[in-house]
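Asker: Okay, handing you the structure first.
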Amino acid sequence: MIELNGYGWRVTATPEVGGALVGVRYKGVDVLRPTPPAATQSGDPLEMASFPLLPFSNRIRDGRFSFQSTEVSLPASAQHPPHALHGYGWSCPWYPEVTSATECIMVLEYPGDDWPWRFRAEQRIRISETSLSLSLSVRNEAATAMPLGLGFHPYFARTPGCRIQAPVDGRWVSDAERLPMSHEPVAGEMSLRTPTVLNGLDFDHCFTGWTGDSIIAWPEKGLSVRLRASKLLRFLVLWTPKGADFFCIEPVSHMIDAFNWCHTAHDTGTVVLAPGQSADATMVLEPMVHQEQVDVPGH
């Protein structure tokens, strides 16, 4: 375990288990859901507080896609067969390269295996007086161009009064396999342009037109957090399963199953890295104690 402690933050990470976060607390309040002890012992990233998404997020239909001259067939996810899920950052061990009381850098050297491209990934976790920042960087170390997606999968703590504000203007409509079928504009409650209470919502959508700025508020805890995402993270996956003690706001660079849609006229967000080229993305959480209402740019 690696622990960052300072400025009111306590952040715990486990490099060996997918570079995942085990817990994130601010001034004694759980911002992300705490990891159950059993999950820490078993090493299940899906039960952790957050994990990195790379070189793609969410699902690839049947684990298959074609990119340039390469036909790719990925193993099915144990959780959602027959599809591939969430890439390889969360299922590979990382190793710490830099650690201090306020910063940690973890590295993943992927040799090119099930995913046929070799790459190097770096994850930087940093706390400061104003924020917690999570950054990802991926460099293509293969001899050919590589498709890429990046993102973060935080599980936020959920309370009865918890609400979010995350202005969006469209969403991908999914089929029974939770894979995209068509795109449509959104309005009203689904546009998330005003603070929306999560209790009662049952969303599992990939939104488009996101401003990259969101507010998450826990009135019972007297805490709000502003989530800011860097420019590459233009899509937002919101998952609010009924009855759960968590919800997920996932800033990601591309739509679900993007590599199978990138030959269409839709904006899929797919990044193409030439050999030696890199891409990076950052998510920042800024706490705002005892603030009940904060305007989100774009509202």
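In the structure tokens, the first chain shown is A, the next is B, and so on; residue numbers restart at 1 for each chain, and ligands run from 1 in the order shown.
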When you look at Val22 in chain A with a cut-off of 8 Å (counting only C-alpha atoms), what residues show up, excluding the ones that are within fewer than 6 positions of it in the same chain? I need them as a ChimeraX atom specification.
Answerer: /A:11-14,34-35,40,48-50
Asker: Compile the contact shell of range 86-100 of chain A as a VMD selection string: residues with an atom at most 8 Å away, counting only C-alpha atoms, same-chain residues fewer than 2 positions apart removed.
Answerer: chain A and resid 2 4 15 to 20 45 51 to 59 84 102 to 109
Asker: Please provide as a VMD selection string all residues within 7 Å of Thr196 in chain A, with the sequence filter that same-chain residues fewer than 5 positions apart are discarded (counting only C-alpha atoms).
Answerer: chain A and resid 163 to 165
Asker: Quick one: of A:Val186, A:Ala157, A:Ala101, A:Ala176, who's nearest to Ile125 in chain A, counting only C-alpha atoms?
Answerer: A:Ala101
Asker: Can you list, as a PyMOL selection string, every protein, DNA or RNA residue that comes within 10 Å of Trp210 in chain A when you count only C-alpha atoms, leaving out same-chain residues fewer than 3 positions away?
Answerer: chain A and resi 166-171+191-192+207+213-214+229+233-236+251+298
Asker: Can you write just those residues out, C-alpha atoms, as a PDB file, in the first residue's frame?
Answerer:
ATOM      1  CA  ALA A 166     -22.708  17.784 -14.909  1.00  0.00           C
ATOM      2  CA  PRO A 167     -23.998  19.628 -18.002  1.00  0.00           C
ATOM      3  CA  VAL A 168     -24.299  17.371 -21.078  1.00  0.00           C
ATOM      4  CA  ASP A 169     -26.233  17.622 -24.332  1.00  0.00           C
ATOM      5  CA  GLY A 170     -26.465  14.062 -25.698  1.00  0.00           C
ATOM      6  CA  ARG A 171     -26.212  10.378 -24.874  1.00  0.00           C
ATOM      7  CA  SER A 191     -29.161  16.898 -19.165  1.00  0.00           C
ATOM      8  CA  LEU A 192     -27.859  17.276 -15.572  1.00  0.00           C
ATOM      9  CA  PHE A 207     -23.032  11.189 -22.311  1.00  0.00           C
ATOM     10  CA  ASP A 213     -16.785  20.205 -15.187  1.00  0.00           C
ATOM     11  CA  SER A 214     -19.087  18.669 -12.576  1.00  0.00           C
ATOM     12  CA  ALA A 229     -11.336  16.821 -16.423  1.00  0.00           C
ATOM     13  CA  LEU A 233     -11.832  13.495 -21.521  1.00  0.00           C
ATOM     14  CA  ARG A 234     -14.874  14.705 -23.484  1.00  0.00           C
ATOM     15  CA  PHE A 235     -17.256  11.847 -22.687  1.00  0.00           C
ATOM     16  CA  LEU A 236     -18.921  11.107 -19.359  1.00  0.00           C
ATOM     17  CA  PRO A 251     -14.486  10.933 -17.284  1.00  0.00           C
ATOM     18  CA  GLY A 298     -21.867  25.770 -19.141  1.00  0.00           C
TER      19      GLY A 298
END
Asker: Counting only C-alpha atoms, which of A:Asp30, A:Asp267, A:Asp257, A:Glu250 gets nearest to His153 in chain A?
Answerer: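 Closest residue, counting only C-alpha atoms: A:Glu250.
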Asker: Near Tyr7 in chain A, counting only C-alpha atoms, which residues have an atom at most 12 Å away, once you skip same-chain residues fewer than 5 positions from it, shown as a list in words?
Answerer: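 Near neighbours after the sequence-gap exclusion: Arg25, Tyr26, Lys27, Gly28, Ala101, Thr102, Arg126, Ile127, Ser128, Glu129, Thr130, Ser131, Leu132, Glu286 and Pro287 of chain A.
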Asker: Create the file for the chosen residues now, containing N, CA and C atoms and written as a PDB file, in the first residue's frame.
Answerer:
ATOM      1  N   ARG A  25     -10.239  10.012   1.357  1.00  0.00           N
ATOM      2  CA  ARG A  25     -10.972  10.752   2.378  1.00  0.00           C
ATOM      3  C   ARG A  25     -10.472  12.188   2.412  1.00  0.00           C
ATOM      4  N   TYR A  26     -11.409  13.107   2.685  1.00  0.00           N
ATOM      5  CA  TYR A  26     -11.039  14.507   2.865  1.00  0.00           C
ATOM      6  C   TYR A  26     -11.623  14.989   4.189  1.00  0.00           C
ATOM      7  N   LYS A  27     -10.737  15.390   5.087  1.00  0.00           N
ATOM      8  CA  LYS A  27     -11.108  15.837   6.426  1.00  0.00           C
ATOM      9  C   LYS A  27     -12.029  14.830   7.102  1.00  0.00           C
ATOM     10  N   GLY A  28     -11.668  13.557   6.970  1.00  0.00           N
ATOM     11  CA  GLY A  28     -12.388  12.487   7.633  1.00  0.00           C
ATOM     12  C   GLY A  28     -13.629  12.000   6.922  1.00  0.00           C
ATOM     13  N   ALA A 101       5.042  11.960   0.664  1.00  0.00           N
ATOM     14  CA  ALA A 101       3.836  12.138   1.469  1.00  0.00           C
ATOM     15  C   ALA A 101       2.687  12.715   0.650  1.00  0.00           C
ATOM     16  N   THR A 102       3.010  13.385  -0.458  1.00  0.00           N
ATOM     17  CA  THR A 102       1.970  14.085  -1.217  1.00  0.00           C
ATOM     18  C   THR A 102       1.901  13.677  -2.683  1.00  0.00           C
ATOM     19  N   ARG A 126      -1.513  13.063  -6.902  1.00  0.00           N
ATOM     20  CA  ARG A 126      -0.909  14.178  -6.176  1.00  0.00           C
ATOM     21  C   ARG A 126      -1.969  14.899  -5.356  1.00  0.00           C
ATOM     22  N   ILE A 127      -1.642  15.205  -4.100  1.00  0.00           N
ATOM     23  CA  ILE A 127      -2.514  16.013  -3.263  1.00  0.00           C
ATOM     24  C   ILE A 127      -1.852  17.361  -3.008  1.00  0.00           C
ATOM     25  N   SER A 128      -2.699  18.390  -2.871  1.00  0.00           N
ATOM     26  CA  SER A 128      -2.202  19.742  -2.610  1.00  0.00           C
ATOM     27  C   SER A 128      -3.184  20.450  -1.699  1.00  0.00           C
ATOM     28  N   GLU A 129      -2.929  21.700  -1.418  1.00  0.00           N
ATOM     29  CA  GLU A 129      -3.826  22.480  -0.576  1.00  0.00           C
ATOM     30  C   GLU A 129      -5.203  22.618  -1.193  1.00  0.00           C
ATOM     31  N   THR A 130      -5.288  22.536  -2.511  1.00  0.00           N
ATOM     32  CA  THR A 130      -6.555  22.815  -3.188  1.00  0.00           C
ATOM     33  C   THR A 130      -7.218  21.600  -3.825  1.00  0.00           C
ATOM     34  N   SER A 131      -6.475  20.488  -4.019  1.00  0.00           N
ATOM     35  CA  SER A 131      -7.070  19.424  -4.818  1.00  0.00           C
ATOM     36  C   SER A 131      -6.343  18.090  -4.685  1.00  0.00           C
ATOM     37  N   LEU A 132      -7.031  17.070  -5.196  1.00  0.00           N
ATOM     38  CA  LEU A 132      -6.437  15.769  -5.488  1.00  0.00           C
ATOM     39  C   LEU A 132      -6.452  15.626  -7.001  1.00  0.00           C
ATOM     40  N   GLU A 286     -11.661  18.961  -6.426  1.00  0.00           N
ATOM     41  CA  GLU A 286     -11.445  20.141  -5.600  1.00  0.00           C
ATOM     42  C   GLU A 286     -12.527  20.211  -4.523  1.00  0.00           C
ATOM     43  N   PRO A 287     -12.179  20.033  -3.251  1.00  0.00           N
ATOM     44  CA  PRO A 287     -13.195  20.062  -2.184  1.00  0.00           C
ATOM     45  C   PRO A 287     -13.667  21.479  -1.894  1.00  0.00           C
TER      46      PRO A 287
END
Asker: Separation of CA of Pro116 in chain A and CA of His205 in chain A, in Å?
Answerer: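 A separation of 28.9 Å between them.
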Asker: For range 245-247 of chain A, list every protein, DNA or RNA residue within 7 Å, evaluated using only C-alpha atoms, and leave out those in the same chain fewer than 2 positions away; present the list as JSON, numbers by chain.
Answerer: {"A": [33, 155, 156, 157, 158, 239, 240, 241, 243, 249]}
Asker: Excluding Lys242 in chain A and residues on its chain fewer than 3 positions from it, collect all residues at most 8 Å away from it, counting only C-alpha atoms, and give them as a ChimeraX atom specification.
Answerer: /A:199-202
Asker: Would you list, as a ChimeraX atom specification, the residues of range 155-274 of chain A that end up in strand (DSSP E) under DSSP run on this structure's backbone?
Answerer: /A:155-157,163-165,170-174,180-185,196-197,204-208,213-218,223-229,235-239,246-252,271-273
Asker: Between CA of Cys206 in chain A and CA of Pro185 in chain A, what distance in Å does the model show, to one decimal?
Answerer: 11.9 Å
Asker: CA of Arg193 in chain A to CA of His266 in chain A: how many Å, to one decimal?
Answerer: 23.9 Å
Asker: With only C-alpha atoms as the basis for distance, which of A:Ala143, A:Ala39, A:Ile60, A:Val31 is at the shortest distance from Thr159 in chain A?
Answerer: A:Val31
